[in-house]
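Next up, my_file.txt (compact mmCIF, C-alpha atoms and all ligand atoms):
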```txt
# COMPACT_ATOMS: atom_id res chain seq x y z
CA MET J 1 -35.62 -46.58 -42.61
CA SER J 2 -33.64 -49.73 -43.28
CA LYS J 3 -34.27 -52.74 -41.09
CA LYS J 4 -30.94 -54.26 -42.01
CA ALA J 5 -28.76 -55.16 -39.07
CA ILE J 6 -25.98 -52.77 -38.15
CA TRP J 7 -22.72 -54.55 -39.01
CA GLY J 8 -20.03 -51.94 -38.56
CA ILE J 9 -18.76 -48.79 -36.92
CA ASP J 10 -16.69 -46.14 -38.57
CA ARG J 11 -13.20 -45.83 -37.09
CA GLU J 12 -13.60 -42.09 -36.55
CA ALA J 13 -16.82 -42.58 -34.63
CA LEU J 14 -15.17 -45.26 -32.50
CA GLU J 15 -12.21 -43.01 -31.73
CA LEU J 16 -14.56 -40.21 -30.74
CA ILE J 17 -16.31 -42.59 -28.33
CA LEU J 18 -13.04 -43.83 -26.81
CA GLY J 19 -11.77 -40.26 -26.40
CA ALA J 20 -14.97 -39.07 -24.75
CA SER J 21 -14.95 -42.06 -22.41
CA ARG J 22 -11.39 -41.25 -21.32
CA LEU J 23 -12.24 -37.59 -20.80
CA SER J 24 -15.31 -38.40 -18.72
CA HIS J 25 -13.51 -40.86 -16.50
CA PRO J 26 -14.25 -41.52 -13.63
CA TRP J 27 -17.78 -40.49 -14.59
CA GLU J 28 -19.80 -42.36 -17.16
CA PHE J 29 -20.13 -41.02 -20.65
CA ALA J 30 -23.25 -41.60 -22.75
CA ALA J 31 -24.33 -40.71 -26.26
CA VAL J 32 -26.66 -41.71 -29.04
CA LEU J 33 -25.47 -43.57 -32.14
CA ARG J 34 -26.59 -42.84 -35.66
CA ALA J 35 -26.07 -45.13 -38.62
CA ARG J 36 -26.09 -44.77 -42.38
CA GLU J 37 -26.14 -47.79 -44.66
CA SER J 38 -26.00 -50.11 -41.65
CA VAL J 39 -22.75 -48.64 -40.32
CA ILE J 40 -22.52 -46.44 -37.22
CA ARG J 41 -21.11 -43.13 -38.40
CA GLU J 42 -22.26 -40.46 -35.99
CA VAL J 43 -22.11 -39.97 -32.26
CA LEU J 44 -24.64 -37.57 -30.86
CA PHE J 45 -23.50 -36.10 -27.59
CA LEU J 46 -26.30 -35.26 -25.22
CA PRO J 47 -26.17 -32.06 -23.25
CA GLY J 48 -25.75 -32.84 -19.61
CA THR J 49 -24.37 -36.35 -20.01
CA LEU J 50 -20.77 -35.42 -19.34
CA ALA J 51 -19.29 -35.19 -15.86
CA LEU J 52 -22.53 -35.60 -13.98
CA ASN J 53 -22.80 -37.36 -10.72
CA GLN J 54 -25.65 -39.48 -12.04
CA SER J 55 -25.92 -42.69 -14.02
CA ALA J 56 -25.45 -41.95 -17.71
CA VAL J 57 -27.83 -44.77 -18.51
CA LEU J 58 -30.60 -43.13 -16.52
CA ARG J 59 -30.16 -40.08 -18.70
CA LEU J 60 -30.43 -42.21 -21.84
CA HIS J 61 -33.75 -43.52 -20.56
CA MET J 62 -35.07 -39.98 -20.76
CA LEU J 63 -34.16 -39.43 -24.40
CA PRO J 64 -36.66 -38.07 -26.84
CA ILE J 65 -37.30 -40.44 -29.75
CA ASP J 66 -34.92 -39.67 -32.58
CA PRO J 67 -35.82 -41.58 -35.76
CA SER J 68 -32.26 -41.48 -37.08
CA ALA J 69 -30.81 -42.97 -33.93
CA CYS J 70 -29.86 -46.63 -34.10
CA GLY J 71 -28.79 -47.13 -30.50
CA THR J 72 -26.70 -45.91 -27.61
CA VAL J 73 -23.17 -45.94 -26.27
CA HIS J 74 -21.96 -45.48 -22.71
CA SER J 75 -18.84 -46.08 -20.72
CA HIS J 76 -18.21 -48.29 -17.72
CA PRO J 77 -15.49 -46.87 -15.52
CA SER J 78 -15.53 -50.22 -13.68
CA GLY J 79 -13.57 -52.07 -16.37
CA SER J 80 -16.32 -54.55 -17.23
CA ALA J 81 -18.04 -54.17 -20.59
CA SER J 82 -20.94 -56.42 -19.58
CA PRO J 83 -24.38 -54.83 -19.46
CA SER J 84 -25.96 -54.22 -16.05
CA GLN J 85 -29.63 -54.92 -15.35
CA GLU J 86 -30.29 -51.24 -15.90
CA ASP J 87 -28.47 -51.41 -19.25
CA LEU J 88 -30.51 -54.41 -20.39
CA MET J 89 -33.71 -52.52 -19.63
CA LEU J 90 -32.50 -49.62 -21.74
CA PHE J 91 -31.54 -51.95 -24.61
CA THR J 92 -35.05 -53.39 -24.86
CA LYS J 93 -36.60 -49.93 -24.89
CA TYR J 94 -34.50 -48.08 -27.37
CA GLY J 95 -32.52 -48.79 -30.53
CA ARG J 96 -30.98 -51.85 -32.15
CA VAL J 97 -27.32 -51.67 -31.19
CA HIS J 98 -25.68 -50.65 -27.94
CA ILE J 99 -22.01 -50.18 -27.22
CA ILE J 100 -20.39 -50.39 -23.81
CA VAL J 101 -16.83 -49.13 -23.42
CA ALA J 102 -14.90 -50.28 -20.39
CA GLU J 103 -11.69 -49.02 -18.88
CA PRO J 104 -8.98 -48.59 -20.28
CA PHE J 105 -11.19 -47.34 -23.14
CA ASP J 106 -9.05 -48.67 -25.97
CA GLU J 107 -9.79 -50.52 -29.20
CA HIS J 108 -10.16 -53.81 -27.37
CA SER J 109 -12.18 -52.73 -24.36
CA TRP J 110 -15.56 -52.18 -25.97
CA ARG J 111 -18.39 -54.51 -26.90
CA ALA J 112 -21.62 -54.18 -28.82
CA TYR J 113 -24.98 -55.76 -27.98
CA ASP J 114 -28.35 -56.14 -29.62
CA TYR J 115 -31.61 -55.17 -27.92
CA ARG J 116 -31.73 -58.50 -26.08
CA GLY J 117 -28.25 -58.08 -24.67
CA ASN J 118 -26.63 -60.63 -27.00
CA GLU J 119 -23.16 -59.68 -28.10
CA LEU J 120 -22.84 -58.34 -31.66
CA LYS J 121 -19.65 -58.36 -33.67
CA LEU J 122 -19.12 -54.96 -35.27
CA GLU J 123 -16.51 -54.45 -37.93
CA VAL J 124 -14.43 -51.27 -37.65
CA THR J 125 -14.58 -49.61 -41.04
CA GLU J 126 -12.41 -46.92 -42.52
CA LEU J 127 -14.23 -43.87 -43.75
CA LYS J 128 -14.38 -43.92 -47.51
CA LYS J 129 -15.67 -41.37 -49.91
CA GLN J 130 -17.56 -43.97 -51.88
CA VAL J 131 -21.28 -43.39 -52.00
CA SER J 132 -23.40 -46.31 -53.00
CA LYS J 133 -26.55 -45.35 -54.72
CA GLY J 134 -29.45 -47.68 -54.38
ZN ZN M 201 -23.89 -49.66 -18.17
```
For this file, produce the structure as structure tokens.
Ligand SMILES: [Zn+2]
Amino acid sequence: MSKKAIWGIDREALELILGASRLSHPWEFAAVLRARESVIREVLFLPGTLALNQSAVLRLHMLPIDPSACGTVHSHPSGSASPSQEDLMLFTKYGRVHIIVAEPFDEHSWRAYDYRGNELKLEVTELKKQVSKG
């Protein structure tokens, strides 16, 4: 597994996240992120994380360890994309990159953080067919 920092998110993965956040509203949405070649490319929806009257972050705390997972994403129906105390605890426990999407769940209302809760700048990449070998 590469230790290189995650630097980007695929546009399709981001759109999936924004769409799921809108659908879940006013409940929180949560999922696991998977990366390939240091770019987030897959969103793993967890059974039972949609439309539940329970904190999505609490559910993420109960995740089994998935070696291909690089972090988590969840929505904040409140409109603030800042991590809560509960979020910061999750970040230190699990993964390297964490995305929080706030209302109105558009391209500008999400932020990414590292495990210490410091903001990370992620580039939105377009899916390309190129495969780098190495
Ligand atoms: Zn949160």
With ligand ZN 201 (chain M) as the partner and 6 Å as the cut-off, tabulate the residues of chain J that qualify, each row holding the nearest pair of atoms and their distance in Å to one decimal, using all atoms listed in the file, sorted by chain and rising number, as a tab-separated table.
```
residue	atom	partner	partner_atom	distance
J:His76	CA	M:ZN201	ZN	5.9
J:Pro83	CA	M:ZN201	ZN	5.4
J:Ser84	CA	M:ZN201	ZN	5.4
J:Asp87	CA	M:ZN201	ZN	5.0
```
message: Let me make sure I understand: among J:Glu15, J:Arg116, J:Ser24, J:Glu126, which one has the smallest atom-to-atom distance to Pro77 of chain J if we use all atoms listed in the file?
response: J:Ser24
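With distances restricted to only C-alpha atoms, J:Val97 is the closest residue to Cys70 of chain J from J:Ala30, J:Val43, J:Leu18, J:Val97.
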Between atom CA of Tyr94 of chain J and atom CA of Trp27 of chain J, distance in Å (one decimal):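 Spanning atom CA of Tyr94 of chain J to atom CA of Trp27 of chain J is a straight-line distance of 22.4 Å.
Nearest to Leu63 of chain J of all the residues J:Lys93, J:Arg34, J:Arg41, J:Arg22 is J:Lys93, based on all atoms listed in the file.
If you measure from each of J:Ser78, J:Ala13, J:Arg96, J:His108 to Leu120 of chain J using only C-alpha atoms, the closest one turns out to be J:Arg96.
Note that the spacing between atom CA of Glu103 of chain J and atom CA of Pro26 of chain J amounts to 9.5 Å.
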query: From the set J:Leu23, J:Leu33, J:Leu14, J:Leu90, which residue has the shortest atom-to-atom contact distance to Ser109 of chain J, counting only C-alpha atoms?
result: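 Looking only at the distances to Ser109 of chain J, the closest residue turns out to be J:Leu14.
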field: Pick from J:Lys4, J:His61, J:Arg11, J:His98, whichever lies nearest to Arg111 of chain J using all atoms listed in the file
entry: J:His98
query: Contacts of Gly8 of chain J at 8 Å or less, counting all atoms listed in the file, minus same-chain residues fewer than 5 places along, as JSON, numbers by chain?
result: {"J": [38, 39, 40, 122, 123, 124, 125]}
message: One decimal, in Å: what's the spacing between atom CA of Glu86 of chain J and atom CA of Tyr115 of chain J?
response: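 Interatomic distance, atom CA of Glu86 of chain J to atom CA of Tyr115 of chain J: 12.7 Å.
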